[in-house]
$ cat structure.cif   # mmCIF, C-alpha atoms
data_my_file
loop_
_atom_site.group_PDB
_atom_site.id
_atom_site.type_symbol
_atom_site.label_atom_id
_atom_site.label_comp_id
_atom_site.auth_asym_id
_atom_site.auth_seq_id
_atom_site.Cartn_x
_atom_site.Cartn_y
_atom_site.Cartn_z
ATOM 1 C CA MET M 1 0.000 0.000 0.000
ATOM 2 C CA ASP M 2 1.820 3.100 -1.260
ATOM 3 C CA ILE M 3 0.794 6.064 0.918
ATOM 4 C CA PRO M 4 3.451 8.812 0.829
ATOM 5 C CA HIS M 5 1.951 11.018 3.571
ATOM 6 C CA VAL M 6 -0.406 10.705 6.519
ATOM 7 C CA TYR M 7 -1.894 13.074 9.095
ATOM 8 C CA LEU M 8 -0.894 12.265 12.664
ATOM 9 C CA ASN M 9 -1.764 14.337 15.726
ATOM 10 C CA GLY M 10 -1.883 17.702 13.986
ATOM 11 C CA HIS M 11 0.908 17.183 11.454
ATOM 12 C CA ILE M 12 1.148 15.846 7.909
ATOM 13 C CA VAL M 13 4.259 13.688 7.695
ATOM 14 C CA PRO M 14 5.789 11.110 5.337
ATOM 15 C CA LEU M 15 4.463 7.662 6.121
ATOM 16 C CA ALA M 16 7.939 6.400 7.008
ATOM 17 C CA GLU M 17 8.204 9.054 9.726
ATOM 18 C CA ALA M 18 4.781 8.442 11.289
ATOM 19 C CA ALA M 19 5.101 6.716 14.658
ATOM 20 C CA ILE M 20 2.526 5.641 17.238
ATOM 21 C CA SER M 21 3.610 4.732 20.757
ATOM 22 C CA PRO M 22 3.664 1.021 21.644
ATOM 23 C CA LEU M 23 1.845 2.126 24.802
ATOM 24 C CA ASP M 24 -1.141 3.416 22.808
ATOM 25 C CA ILE M 25 -4.325 1.954 24.280
ATOM 26 C CA GLY M 26 -5.624 1.407 20.759
ATOM 27 C CA LEU M 27 -2.801 -1.077 20.237
ATOM 28 C CA LEU M 28 -2.758 -2.567 23.722
ATOM 29 C CA ARG M 29 -6.524 -2.919 24.234
ATOM 30 C CA GLY M 30 -8.137 -2.159 20.866
ATOM 31 C CA TYR M 31 -9.715 0.978 22.352
ATOM 32 C CA ALA M 32 -10.311 2.952 19.166
ATOM 33 C CA VAL M 33 -12.909 4.084 16.660
ATOM 34 C CA PHE M 34 -12.611 4.930 12.994
ATOM 35 C CA ASP M 35 -14.536 6.008 9.961
ATOM 36 C CA LEU M 36 -13.992 5.395 6.273
ATOM 37 C CA LEU M 37 -15.126 7.537 3.365
ATOM 38 C CA ARG M 38 -14.430 7.665 -0.341
ATOM 39 C CA THR M 39 -13.823 10.362 -2.891
ATOM 40 C CA VAL M 40 -15.858 11.054 -5.998
ATOM 41 C CA GLY M 41 -14.166 13.159 -8.618
ATOM 42 C CA GLY M 42 -11.259 13.544 -6.216
ATOM 43 C CA ARG M 43 -13.388 15.159 -3.501
ATOM 44 C CA PRO M 44 -14.638 13.588 -0.243
ATOM 45 C CA PHE M 45 -18.121 12.085 -0.626
ATOM 46 C CA LEU M 46 -20.611 12.519 2.242
ATOM 47 C CA LEU M 47 -17.888 14.055 4.414
ATOM 48 C CA THR M 48 -20.340 15.750 6.779
ATOM 49 C CA GLU M 49 -22.142 12.471 7.456
ATOM 50 C CA HIS M 50 -18.901 10.595 8.081
ATOM 51 C CA LEU M 51 -17.561 13.201 10.490
ATOM 52 C CA LYS M 52 -20.857 13.197 12.361
ATOM 53 C CA ARG M 53 -20.652 9.409 12.690
ATOM 54 C CA LEU M 54 -17.001 9.570 13.783
ATOM 55 C CA ARG M 55 -17.918 11.948 16.597
ATOM 56 C CA ALA M 56 -20.885 9.787 17.590
ATOM 57 C CA SER M 57 -18.607 6.737 17.723
ATOM 58 C CA ALA M 58 -16.099 8.679 19.830
ATOM 59 C CA ASP M 59 -18.851 9.701 22.242
ATOM 60 C CA GLU M 60 -19.826 6.041 22.692
ATOM 61 C CA LEU M 61 -16.287 5.304 23.930
ATOM 62 C CA ASN M 62 -15.918 8.568 25.884
ATOM 63 C CA LEU M 63 -13.279 9.767 23.431
ATOM 64 C CA LYS M 64 -12.955 13.260 21.991
ATOM 65 C CA VAL M 65 -11.926 14.107 18.442
ATOM 66 C CA PRO M 66 -9.136 16.634 19.078
ATOM 67 C CA VAL M 67 -9.786 18.969 16.131
ATOM 68 C CA ASP M 68 -12.803 20.558 14.473
ATOM 69 C CA ASP M 69 -14.400 19.454 11.206
ATOM 70 C CA ALA M 70 -12.828 22.268 9.198
ATOM 71 C CA THR M 71 -9.341 21.172 10.270
ATOM 72 C CA ILE M 72 -10.109 17.578 9.319
ATOM 73 C CA ALA M 73 -11.431 18.666 5.916
ATOM 74 C CA GLN M 74 -8.288 20.713 5.278
ATOM 75 C CA ALA M 75 -6.048 17.801 6.273
ATOM 76 C CA ILE M 76 -7.919 15.434 3.947
ATOM 77 C CA GLU M 77 -7.660 17.904 1.077
ATOM 78 C CA ARG M 78 -3.919 18.237 1.597
ATOM 79 C CA LEU M 79 -3.390 14.490 1.797
ATOM 80 C CA LEU M 80 -5.317 13.975 -1.429
ATOM 81 C CA GLU M 81 -3.128 16.585 -3.105
ATOM 82 C CA LEU M 82 0.053 14.905 -1.897
ATOM 83 C CA ASN M 83 -0.910 11.285 -2.434
ATOM 84 C CA GLN M 84 -2.375 11.698 -5.919
ATOM 85 C CA HIS M 85 -4.925 8.894 -6.052
ATOM 86 C CA ALA M 86 -7.226 8.427 -9.025
ATOM 87 C CA GLU M 87 -9.988 7.978 -6.440
ATOM 88 C CA ALA M 88 -9.309 7.369 -2.772
ATOM 89 C CA THR M 89 -10.633 5.975 0.441
ATOM 90 C CA VAL M 90 -9.929 8.098 3.496
ATOM 91 C CA ARG M 91 -9.579 6.423 6.892
ATOM 92 C CA LEU M 92 -9.900 8.457 10.103
ATOM 93 C CA LEU M 93 -8.683 6.654 13.214
ATOM 94 C CA LEU M 94 -9.054 7.842 16.810
ATOM 95 C CA THR M 95 -7.579 5.951 19.771
ATOM 96 C CA GLY M 96 -7.533 6.571 23.506
ATOM 97 C CA GLY M 97 -3.895 7.646 23.229
ATOM 98 C CA VAL M 98 -0.869 6.639 25.273
ATOM 99 C CA SER M 99 -2.027 4.674 28.301
ATOM 100 C CA PRO M 100 -0.434 5.503 31.671
ATOM 101 C CA ASP M 101 -0.910 1.953 32.943
ATOM 102 C CA GLY M 102 -1.843 -0.281 30.014
ATOM 103 C CA ARG M 103 -5.438 -0.446 31.222
ATOM 104 C CA THR M 104 -6.884 3.057 30.864
ATOM 105 C CA ALA M 105 -7.030 5.673 28.122
ATOM 106 C CA SER M 106 -4.977 8.835 28.103
ATOM 107 C CA ASP M 107 -6.472 11.771 29.969
ATOM 108 C CA GLY M 108 -7.389 14.127 27.119
ATOM 109 C CA ASP M 109 -4.541 13.283 24.731
ATOM 110 C CA PRO M 110 -5.894 10.883 22.066
ATOM 111 C CA THR M 111 -4.110 9.674 18.961
ATOM 112 C CA PHE M 112 -5.723 10.897 15.733
ATOM 113 C CA LEU M 113 -4.611 9.540 12.369
ATOM 114 C CA ILE M 114 -5.814 10.147 8.800
ATOM 115 C CA LEU M 115 -4.552 8.063 5.916
ATOM 116 C CA THR M 116 -5.608 7.601 2.314
ATOM 117 C CA HIS M 117 -5.245 4.798 -0.174
ATOM 118 C CA GLU M 118 -6.411 3.960 -3.662
ATOM 119 C CA LEU M 119 -10.105 3.132 -3.983
ATOM 120 C CA GLN M 120 -10.637 -0.488 -5.022
ATOM 121 C CA ASP M 121 -13.890 -0.864 -6.948
ATOM 122 C CA LEU M 122 -15.787 -4.127 -7.048
ATOM 123 C CA ALA M 123 -15.820 -5.982 -10.341
ATOM 124 C CA PRO M 124 -18.895 -4.932 -12.371
ATOM 125 C CA ASN M 125 -20.228 -8.499 -12.446
ATOM 126 C CA VAL M 126 -20.693 -8.405 -8.656
ATOM 127 C CA TYR M 127 -23.746 -6.207 -9.203
ATOM 128 C CA GLU M 128 -25.284 -8.790 -11.537
ATOM 129 C CA ASP M 129 -24.098 -12.188 -10.318
ATOM 130 C CA SER M 130 -24.976 -14.387 -7.363
ATOM 131 C CA VAL M 131 -23.420 -12.731 -4.310
ATOM 132 C CA GLY M 132 -23.878 -14.462 -0.971
ATOM 133 C CA LEU M 133 -23.330 -13.762 2.735
ATOM 134 C CA MET M 134 -22.457 -16.408 5.305
ATOM 135 C CA LEU M 135 -24.724 -16.385 8.344
ATOM 136 C CA VAL M 136 -22.823 -16.033 11.626
ATOM 137 C CA GLU M 137 -24.427 -15.859 15.060
ATOM 138 C CA HIS M 138 -22.880 -12.806 16.661
ATOM 139 C CA ALA M 139 -23.799 -9.395 18.062
ATOM 140 C CA ARG M 140 -21.229 -6.606 17.950
ATOM 141 C CA GLU M 141 -20.301 -5.012 21.268
ATOM 142 C CA LEU M 142 -21.403 -1.350 21.364
ATOM 143 C CA PRO M 143 -22.861 -1.578 17.848
ATOM 144 C CA GLN M 144 -23.544 2.173 17.620
ATOM 145 C CA ALA M 145 -19.784 2.776 17.638
ATOM 146 C CA LYS M 146 -17.666 2.086 14.568
ATOM 147 C CA SER M 147 -14.895 0.555 16.627
ATOM 148 C CA THR M 148 -11.778 -1.205 15.392
ATOM 149 C CA ASN M 149 -13.018 -4.506 16.855
ATOM 150 C CA TYR M 150 -13.362 -6.767 13.807
ATOM 151 C CA LEU M 151 -12.326 -10.001 15.521
ATOM 152 C CA THR M 152 -15.319 -12.054 14.393
ATOM 153 C CA MET M 153 -15.086 -10.844 10.801
ATOM 154 C CA LEU M 154 -11.352 -11.516 10.559
ATOM 155 C CA LYS M 155 -11.709 -14.952 12.146
ATOM 156 C CA ARG M 156 -14.675 -16.074 10.028
ATOM 157 C CA MET M 157 -13.966 -14.383 6.694
ATOM 158 C CA PRO M 158 -11.778 -17.259 5.435
ATOM 159 C CA ASP M 159 -14.747 -19.588 6.043
ATOM 160 C CA ALA M 160 -17.011 -17.237 4.124
ATOM 161 C CA LYS M 161 -14.642 -17.065 1.164
ATOM 162 C CA GLU M 162 -14.139 -20.835 1.184
ATOM 163 C CA THR M 163 -17.907 -21.373 0.901
ATOM 164 C CA GLY M 164 -18.254 -18.882 -1.966
ATOM 165 C CA ASN M 165 -19.610 -15.945 0.018
ATOM 166 C CA MET M 166 -18.514 -12.343 -0.289
ATOM 167 C CA SER M 167 -18.858 -11.514 3.406
ATOM 168 C CA ILE M 168 -20.709 -12.267 6.643
ATOM 169 C CA LEU M 169 -24.187 -11.451 7.970
ATOM 170 C CA TYR M 170 -24.663 -11.273 11.743
ATOM 171 C CA HIS M 171 -27.738 -12.563 13.545
ATOM 172 C CA LYS M 172 -28.486 -13.174 17.214
ATOM 173 C CA ASP M 173 -31.507 -14.724 18.946
ATOM 174 C CA GLY M 174 -33.292 -15.012 15.622
ATOM 175 C CA ARG M 175 -32.800 -11.358 14.671
ATOM 176 C CA ILE M 176 -30.728 -9.955 11.821
ATOM 177 C CA SER M 177 -28.488 -6.969 12.537
ATOM 178 C CA GLU M 178 -25.888 -6.121 9.903
ATOM 179 C CA ALA M 179 -23.215 -7.436 7.617
ATOM 180 C CA ALA M 180 -19.610 -7.463 8.842
ATOM 181 C CA SER M 181 -18.805 -4.164 7.119
ATOM 182 C CA ALA M 182 -22.062 -3.045 5.534
ATOM 183 C CA SER M 183 -25.716 -2.336 6.258
ATOM 184 C CA PHE M 184 -28.228 -5.037 5.319
ATOM 185 C CA TYR M 185 -31.772 -4.671 3.971
ATOM 186 C CA ILE M 186 -34.498 -6.895 2.577
ATOM 187 C CA VAL M 187 -37.371 -6.319 0.184
ATOM 188 C CA LYS M 188 -40.786 -7.947 0.515
ATOM 189 C CA ASP M 189 -43.658 -7.076 -1.831
ATOM 190 C CA GLU M 190 -41.610 -4.042 -2.988
ATOM 191 C CA VAL M 191 -41.413 -2.729 0.605
ATOM 192 C CA ILE M 192 -37.887 -2.166 1.918
ATOM 193 C CA LEU M 193 -37.237 -3.317 5.496
ATOM 194 C CA ALA M 194 -34.256 -1.943 7.438
ATOM 195 C CA PRO M 195 -33.000 -3.148 10.835
ATOM 196 C CA SER M 196 -33.141 -0.336 13.382
ATOM 197 C CA ALA M 197 -31.684 -1.785 16.596
ATOM 198 C CA GLY M 198 -28.249 -3.137 17.385
ATOM 199 C CA VAL M 199 -26.704 -1.744 14.221
ATOM 200 C CA LEU M 200 -24.196 0.875 13.203
ATOM 201 C CA TYR M 201 -26.010 3.609 11.315
ATOM 202 C CA GLY M 202 -24.645 3.880 7.810
ATOM 203 C CA THR M 203 -23.903 6.898 5.658
ATOM 204 C CA VAL M 204 -24.769 5.546 2.222
ATOM 205 C CA GLY M 205 -27.758 3.548 3.516
ATOM 206 C CA PRO M 206 -29.839 6.552 4.622
ATOM 207 C CA ARG M 207 -29.248 8.199 1.232
ATOM 208 C CA ILE M 208 -30.415 5.062 -0.541
ATOM 209 C CA LEU M 209 -33.523 4.821 1.629
ATOM 210 C CA ALA M 210 -34.306 8.479 0.971
ATOM 211 C CA LEU M 211 -33.963 7.909 -2.769
ATOM 212 C CA ALA M 212 -36.171 4.823 -2.511
ATOM 213 C CA GLU M 213 -38.890 6.754 -0.691
ATOM 214 C CA LYS M 214 -38.723 9.607 -3.201
ATOM 215 C CA SER M 215 -39.173 7.080 -5.997
ATOM 216 C CA GLY M 216 -42.317 5.685 -4.383
ATOM 217 C CA HIS M 217 -41.136 2.766 -2.255
ATOM 218 C CA ARG M 218 -42.277 2.308 1.300
ATOM 219 C CA VAL M 219 -39.468 1.909 3.854
ATOM 220 C CA ILE M 220 -40.069 0.256 7.233
ATOM 221 C CA ARG M 221 -37.425 0.531 9.945
ATOM 222 C CA GLY M 222 -37.683 -2.091 12.634
ATOM 223 C CA GLN M 223 -36.839 -5.634 13.601
ATOM 224 C CA ILE M 224 -35.948 -8.152 10.896
ATOM 225 C CA THR M 225 -35.952 -11.788 11.905
ATOM 226 C CA LEU M 226 -33.841 -14.468 10.301
ATOM 227 C CA ASP M 227 -37.060 -15.999 8.969
ATOM 228 C CA ASP M 228 -37.962 -12.630 7.412
ATOM 229 C CA ALA M 229 -34.631 -12.523 5.643
ATOM 230 C CA LEU M 230 -34.883 -16.069 4.337
ATOM 231 C CA ALA M 231 -38.409 -15.411 3.025
ATOM 232 C CA ALA M 232 -37.522 -12.076 1.386
ATOM 233 C CA ASP M 233 -38.053 -11.373 -2.290
ATOM 234 C CA GLU M 234 -34.754 -9.485 -2.449
ATOM 235 C CA ALA M 235 -31.857 -8.482 -0.225
ATOM 236 C CA PHE M 236 -29.024 -6.012 -0.578
ATOM 237 C CA ILE M 237 -26.235 -4.345 1.335
ATOM 238 C CA THR M 238 -24.960 -0.774 1.249
ATOM 239 C CA SER M 239 -21.515 0.510 2.093
ATOM 240 C CA THR M 240 -19.287 3.493 1.465
ATOM 241 C CA THR M 241 -16.994 1.808 -1.018
ATOM 242 C CA ARG M 242 -19.405 -0.684 -2.605
ATOM 243 C CA GLY M 243 -22.610 1.304 -2.909
ATOM 244 C CA VAL M 244 -25.625 -1.004 -3.351
ATOM 245 C CA VAL M 245 -24.819 -4.704 -3.799
ATOM 246 C CA PRO M 246 -27.527 -7.347 -4.388
ATOM 247 C CA ILE M 247 -27.458 -10.368 -2.075
ATOM 248 C CA VAL M 248 -29.083 -13.511 -3.445
ATOM 249 C CA ARG M 249 -27.888 -16.119 -0.959
ATOM 250 C CA LEU M 250 -27.591 -16.395 2.820
ATOM 251 C CA SER M 251 -25.307 -19.357 3.505
ATOM 252 C CA GLN M 252 -26.996 -22.128 1.481
ATOM 253 C CA ASN M 253 -30.398 -20.395 1.348
ATOM 254 C CA THR M 254 -31.441 -18.743 -1.907
ATOM 255 C CA ILE M 255 -33.170 -15.371 -1.647
ATOM 256 C CA GLY M 256 -36.071 -14.821 -4.031
ATOM 257 C CA THR M 257 -35.287 -15.978 -7.550
ATOM 258 C CA GLY M 258 -31.573 -16.219 -6.883
ATOM 259 C CA ARG M 259 -30.920 -13.189 -9.072
ATOM 260 C CA PRO M 260 -30.838 -9.440 -8.301
ATOM 261 C CA GLY M 261 -34.423 -8.217 -8.103
ATOM 262 C CA PRO M 262 -36.076 -5.173 -9.688
ATOM 263 C CA VAL M 263 -36.073 -3.001 -6.553
ATOM 264 C CA THR M 264 -32.388 -3.624 -5.914
ATOM 265 C CA ARG M 265 -31.528 -2.976 -9.557
ATOM 266 C CA LYS M 266 -33.433 0.294 -9.365
ATOM 267 C CA LEU M 267 -31.515 1.334 -6.241
ATOM 268 C CA ILE M 268 -28.210 0.490 -7.898
ATOM 269 C CA GLY M 269 -29.183 2.840 -10.731
ATOM 270 C CA LEU M 270 -30.235 5.593 -8.339
ATOM 271 C CA PHE M 271 -26.935 5.337 -6.454
ATOM 272 C CA LYS M 272 -24.974 5.506 -9.710
ATOM 273 C CA GLN M 273 -26.910 8.671 -10.532
ATOM 274 C CA LEU M 274 -26.044 10.105 -7.117
ATOM 275 C CA LEU M 275 -22.361 9.386 -7.739
ATOM 276 C CA GLN M 276 -22.574 10.994 -11.165
ATOM 277 C CA GLU M 277 -24.075 14.140 -9.668
ATOM 278 C CA ALA M 278 -21.303 14.206 -7.051
ATOM 279 C CA TYR M 279 -18.690 13.710 -9.769
ATOM 280 C CA CYS M 280 -19.933 16.502 -11.986
ATOM 281 C CA ALA M 281 -20.196 18.782 -8.949
ATOM 282 C CA ALA M 282 -16.580 17.983 -8.089
ATOM 283 C CA GLN M 283 -15.571 18.767 -11.660
ATOM 284 C CA ASP M 284 -17.896 21.801 -11.797
ATOM 285 C CA GLN M 285 -19.663 20.313 -14.799
ATOM 286 C CA CYS M 286 -23.194 19.873 -13.498
ATOM 287 C CA SER M 287 -26.128 21.157 -15.417
ATOM 288 C CA LYS M 288 -28.499 23.424 -13.493
ATOM 289 C CA ARG M 289 -30.981 20.555 -13.329
ATOM 290 C CA SER M 290 -28.382 18.188 -11.819
ATOM 291 C CA ARG M 291 -27.317 20.827 -9.299
ATOM 292 C CA SER M 292 -30.924 21.371 -8.235
ATOM 293 C CA ALA M 293 -31.417 17.636 -7.767
ATOM 294 C CA SER M 294 -28.236 17.368 -5.705
ATOM 295 C CA ILE M 295 -29.218 20.301 -3.479
ATOM 296 C CA ALA M 296 -32.716 18.908 -2.947
ATOM 297 C CA LEU M 297 -31.290 15.543 -1.929
ATOM 298 C CA SER M 298 -28.753 17.063 0.444
ATOM 299 C CA GLU M 299 -31.506 18.959 2.198
ATOM 300 C CA THR M 300 -33.678 15.881 2.650
ATOM 301 C CA ALA M 301 -33.989 14.735 6.258
ATOM 302 C CA LEU M 302 -32.125 11.448 6.396
ATOM 303 C CA ASP M 303 -33.127 9.287 9.324
ATOM 304 C CA PRO M 304 -30.945 6.363 10.391
ATOM 305 C CA PRO M 305 -31.837 3.055 8.705
#
$ encode --input "structure.cif" --output "structure tokens"
Amino acid sequence: MDIPHVYLNGHIVPLAEAAISPLDIGLLRGYAVFDLLRTVGGRPFLLTEHLKRLRASADELNLKVPVDDATIAQAIERLLELNQHAEATVRLLLTGGVSPDGRTASDGDPTFLILTHELQDLAPNVYEDSVGLMLVEHARELPQAKSTNYLTMLKRMPDAKETGNMSILYHKDGRISEAASASFYIVKDEVILAPSAGVLYGTVGPRILALAEKSGHRVIRGQITLDDALAADEAFITSTTRGVVPIVRLSQNTIGTGRPGPVTRKLIGLFKQLLQEAYCAAQDQCSKRSRSASIALSETALDPP
């Protein structure tokens, strides 16, 4: 991973010079949160939403982001200039800082890191072929926080890949929560159902649900059981880097017809349109009509999924 410069604790430095203390509680105890966003047209996409979620995650762990949003935006802009990606992902990482005893976080001196790397798009056929998730019984600790705790995903992902699945879907006590690194939704009778408890609120997901509602689909936020998921007509995930991805299999169980359904295909198209509007805005090439559509969408109240 070739990343010439990173932002670390108020300074932009060459990667080779960036150093984090071995006494950092994020390393010793995994006490850290992060957020991940992507660029479109070389500019951060949904930056406001990602920074809001980062601060919410920090609050869950009693951490404090040490700089304001404007400073973070300036640091990201500078890193993108220096690192020269075609399109990038931007990772913001906040830890509890250097621990005085190996058991507790620093008192008001966190570690804050920003790094960028090249955006890796999914192969186009993923949006048309049979993509599956492996069912795993698990509930994330403090699910409202985007923490760095990915133990279950890292342990079970080889099993998922070996059985032909793209990723993992968590369920507990008969209830579906979320995929390992994405939000999960089902469609029944053209109604979109979104889990609302025990999940990390997404950034792309709320935009997709807003687009779905504007296009005439009903969205219900609430509990989704494992039986609901297995009986769904369609299923899909949303994530920052992947957008909308159809899911047609849960472990060995086929969803619907076993092919991406019409609602999911429609949402994939709507998300592509959203990206195109963001791209032309970044390049200052939007038509007045596209700009108006983008402004209207940005002003839409976006509730958590």
$ residues_near_point --input "structure.cif" --point "(-7.1, 18.2, 8.4)" --cutoff "10 Å" --atoms "all atoms listed in the file" --output "count of residues only"
21
$ atom_distance --input "structure.cif" --atom1 "CA of Asp227 in chain M" --atom2 "CA of Asn165 in chain M"
19.6 Å
$ atom_distance --input "structure.cif" --atom1 "CA of Lys188 in chain M" --atom2 "CA of Gln273 in chain M"
24.3 Å
$ atom_distance --input "structure.cif" --atom1 "CA of Leu46 in chain M" --atom2 "CA of Thr203 in chain M"
7.4 Å
$ closest_residue --input "structure.cif" --among "M:Leu209, M:Leu94, M:Leu250, M:Val65" --to "Leu27 in chain M" --atoms "only C-alpha atoms"
M:Leu94
$ resolve_selection --input "structure.cif" --expression "the PyMOL selection byres ((chain M and resi 125-139) around 9)" --output "PyMOL selection string"
chain M and resi 122-124+140-141+143+152+156-157+159-161+163-174+177+179+198+244-252+254+258-260+265+268
$ write_last_selection --input "structure.cif" --atoms "C-alpha atoms" --output "PDB file, in the coordinates of the input"
ATOM      1  CA  LEU M 122     -15.787  -4.127  -7.048  1.00  0.00           C
ATOM      2  CA  ALA M 123     -15.820  -5.982 -10.341  1.00  0.00           C
ATOM      3  CA  PRO M 124     -18.895  -4.932 -12.371  1.00  0.00           C
ATOM      4  CA  ARG M 140     -21.229  -6.606  17.950  1.00  0.00           C
ATOM      5  CA  GLU M 141     -20.301  -5.012  21.268  1.00  0.00           C
ATOM      6  CA  PRO M 143     -22.861  -1.578  17.848  1.00  0.00           C
ATOM      7  CA  THR M 152     -15.319 -12.054  14.393  1.00  0.00           C
ATOM      8  CA  ARG M 156     -14.675 -16.074  10.028  1.00  0.00           C
ATOM      9  CA  MET M 157     -13.966 -14.383   6.694  1.00  0.00           C
ATOM     10  CA  ASP M 159     -14.747 -19.588   6.043  1.00  0.00           C
ATOM     11  CA  ALA M 160     -17.011 -17.237   4.124  1.00  0.00           C
ATOM     12  CA  LYS M 161     -14.642 -17.065   1.164  1.00  0.00           C
ATOM     13  CA  THR M 163     -17.907 -21.373   0.901  1.00  0.00           C
ATOM     14  CA  GLY M 164     -18.254 -18.882  -1.966  1.00  0.00           C
ATOM     15  CA  ASN M 165     -19.610 -15.945   0.018  1.00  0.00           C
ATOM     16  CA  MET M 166     -18.514 -12.343  -0.289  1.00  0.00           C
ATOM     17  CA  SER M 167     -18.858 -11.514   3.406  1.00  0.00           C
ATOM     18  CA  ILE M 168     -20.709 -12.267   6.643  1.00  0.00           C
ATOM     19  CA  LEU M 169     -24.187 -11.451   7.970  1.00  0.00           C
ATOM     20  CA  TYR M 170     -24.663 -11.273  11.743  1.00  0.00           C
ATOM     21  CA  HIS M 171     -27.738 -12.563  13.545  1.00  0.00           C
ATOM     22  CA  LYS M 172     -28.486 -13.174  17.214  1.00  0.00           C
ATOM     23  CA  ASP M 173     -31.507 -14.724  18.946  1.00  0.00           C
ATOM     24  CA  GLY M 174     -33.292 -15.012  15.622  1.00  0.00           C
ATOM     25  CA  SER M 177     -28.488  -6.969  12.537  1.00  0.00           C
ATOM     26  CA  ALA M 179     -23.215  -7.436   7.617  1.00  0.00           C
ATOM     27  CA  GLY M 198     -28.249  -3.137  17.385  1.00  0.00           C
ATOM     28  CA  VAL M 244     -25.625  -1.004  -3.351  1.00  0.00           C
ATOM     29  CA  VAL M 245     -24.819  -4.704  -3.799  1.00  0.00           C
ATOM     30  CA  PRO M 246     -27.527  -7.347  -4.388  1.00  0.00           C
ATOM     31  CA  ILE M 247     -27.458 -10.368  -2.075  1.00  0.00           C
ATOM     32  CA  VAL M 248     -29.083 -13.511  -3.445  1.00  0.00           C
ATOM     33  CA  ARG M 249     -27.888 -16.119  -0.959  1.00  0.00           C
ATOM     34  CA  LEU M 250     -27.591 -16.395   2.820  1.00  0.00           C
ATOM     35  CA  SER M 251     -25.307 -19.357   3.505  1.00  0.00           C
ATOM     36  CA  GLN M 252     -26.996 -22.128   1.481  1.00  0.00           C
ATOM     37  CA  THR M 254     -31.441 -18.743  -1.907  1.00  0.00           C
ATOM     38  CA  GLY M 258     -31.573 -16.219  -6.883  1.00  0.00           C
ATOM     39  CA  ARG M 259     -30.920 -13.189  -9.072  1.00  0.00           C
ATOM     40  CA  PRO M 260     -30.838  -9.440  -8.301  1.00  0.00           C
ATOM     41  CA  ARG M 265     -31.528  -2.976  -9.557  1.00  0.00           C
ATOM     42  CA  ILE M 268     -28.210   0.490  -7.898  1.00  0.00           C
TER      43      ILE M 268
END
$ residues_around --input "structure.cif" --residues "Pro110 in chain M" --least-positions-apart "3" --cutoff "8 Å" --atoms "all atoms listed in the file" --output "number ranges by chain"
M: 63-66, 94-98, 106-107
$ residues_around --input "structure.cif" --residues "Tyr201 in chain M" --least-positions-apart "2" --cutoff "9 Å" --atoms "only C-alpha atoms" --output "JSON, numbers by chain"
{"M": [53, 143, 144, 145, 183, 196, 199, 203, 205, 206, 304, 305]}
$ build_atoms --input "structure.cif" --residues "range 51-59 of chain M" --atoms "N, CA, C and O atoms" --output "short mmCIF file (atom, residue, chain, number, x, y, z; two decimals), in the coordinates of the input"
data_model
loop_
_atom_site.label_atom_id
_atom_site.label_comp_id
_atom_site.auth_asym_id
_atom_site.auth_seq_id
_atom_site.Cartn_x
_atom_site.Cartn_y
_atom_site.Cartn_z
N LEU M 51 -18.11 12.54 9.31
CA LEU M 51 -17.56 13.20 10.49
C LEU M 51 -18.57 13.17 11.64
O LEU M 51 -18.17 13.04 12.81
N LYS M 52 -19.83 13.30 11.32
CA LYS M 52 -20.86 13.20 12.36
C LYS M 52 -20.83 11.81 12.99
O LYS M 52 -20.93 11.66 14.22
N ARG M 53 -20.69 10.77 12.15
CA ARG M 53 -20.65 9.41 12.69
C ARG M 53 -19.38 9.17 13.49
O ARG M 53 -19.40 8.48 14.52
N LEU M 54 -18.25 9.73 13.03
CA LEU M 54 -17.00 9.57 13.78
C LEU M 54 -17.16 10.14 15.18
O LEU M 54 -16.75 9.52 16.18
N ARG M 55 -17.74 11.32 15.28
CA ARG M 55 -17.92 11.95 16.60
C ARG M 55 -18.91 11.17 17.45
O ARG M 55 -18.73 11.06 18.68
N ALA M 56 -19.94 10.61 16.84
CA ALA M 56 -20.88 9.79 17.59
C ALA M 56 -20.20 8.53 18.12
O ALA M 56 -20.44 8.11 19.26
N SER M 57 -19.35 7.91 17.28
CA SER M 57 -18.61 6.74 17.72
C SER M 57 -17.67 7.09 18.88
O SER M 57 -17.57 6.35 19.87
N ALA M 58 -17.00 8.23 18.77
CA ALA M 58 -16.10 8.68 19.83
C ALA M 58 -16.86 8.88 21.13
O ALA M 58 -16.40 8.49 22.22
N ASP M 59 -18.04 9.49 21.05
CA ASP M 59 -18.85 9.70 22.24
C ASP M 59 -19.19 8.38 22.93
O ASP M 59 -19.23 8.30 24.17
#
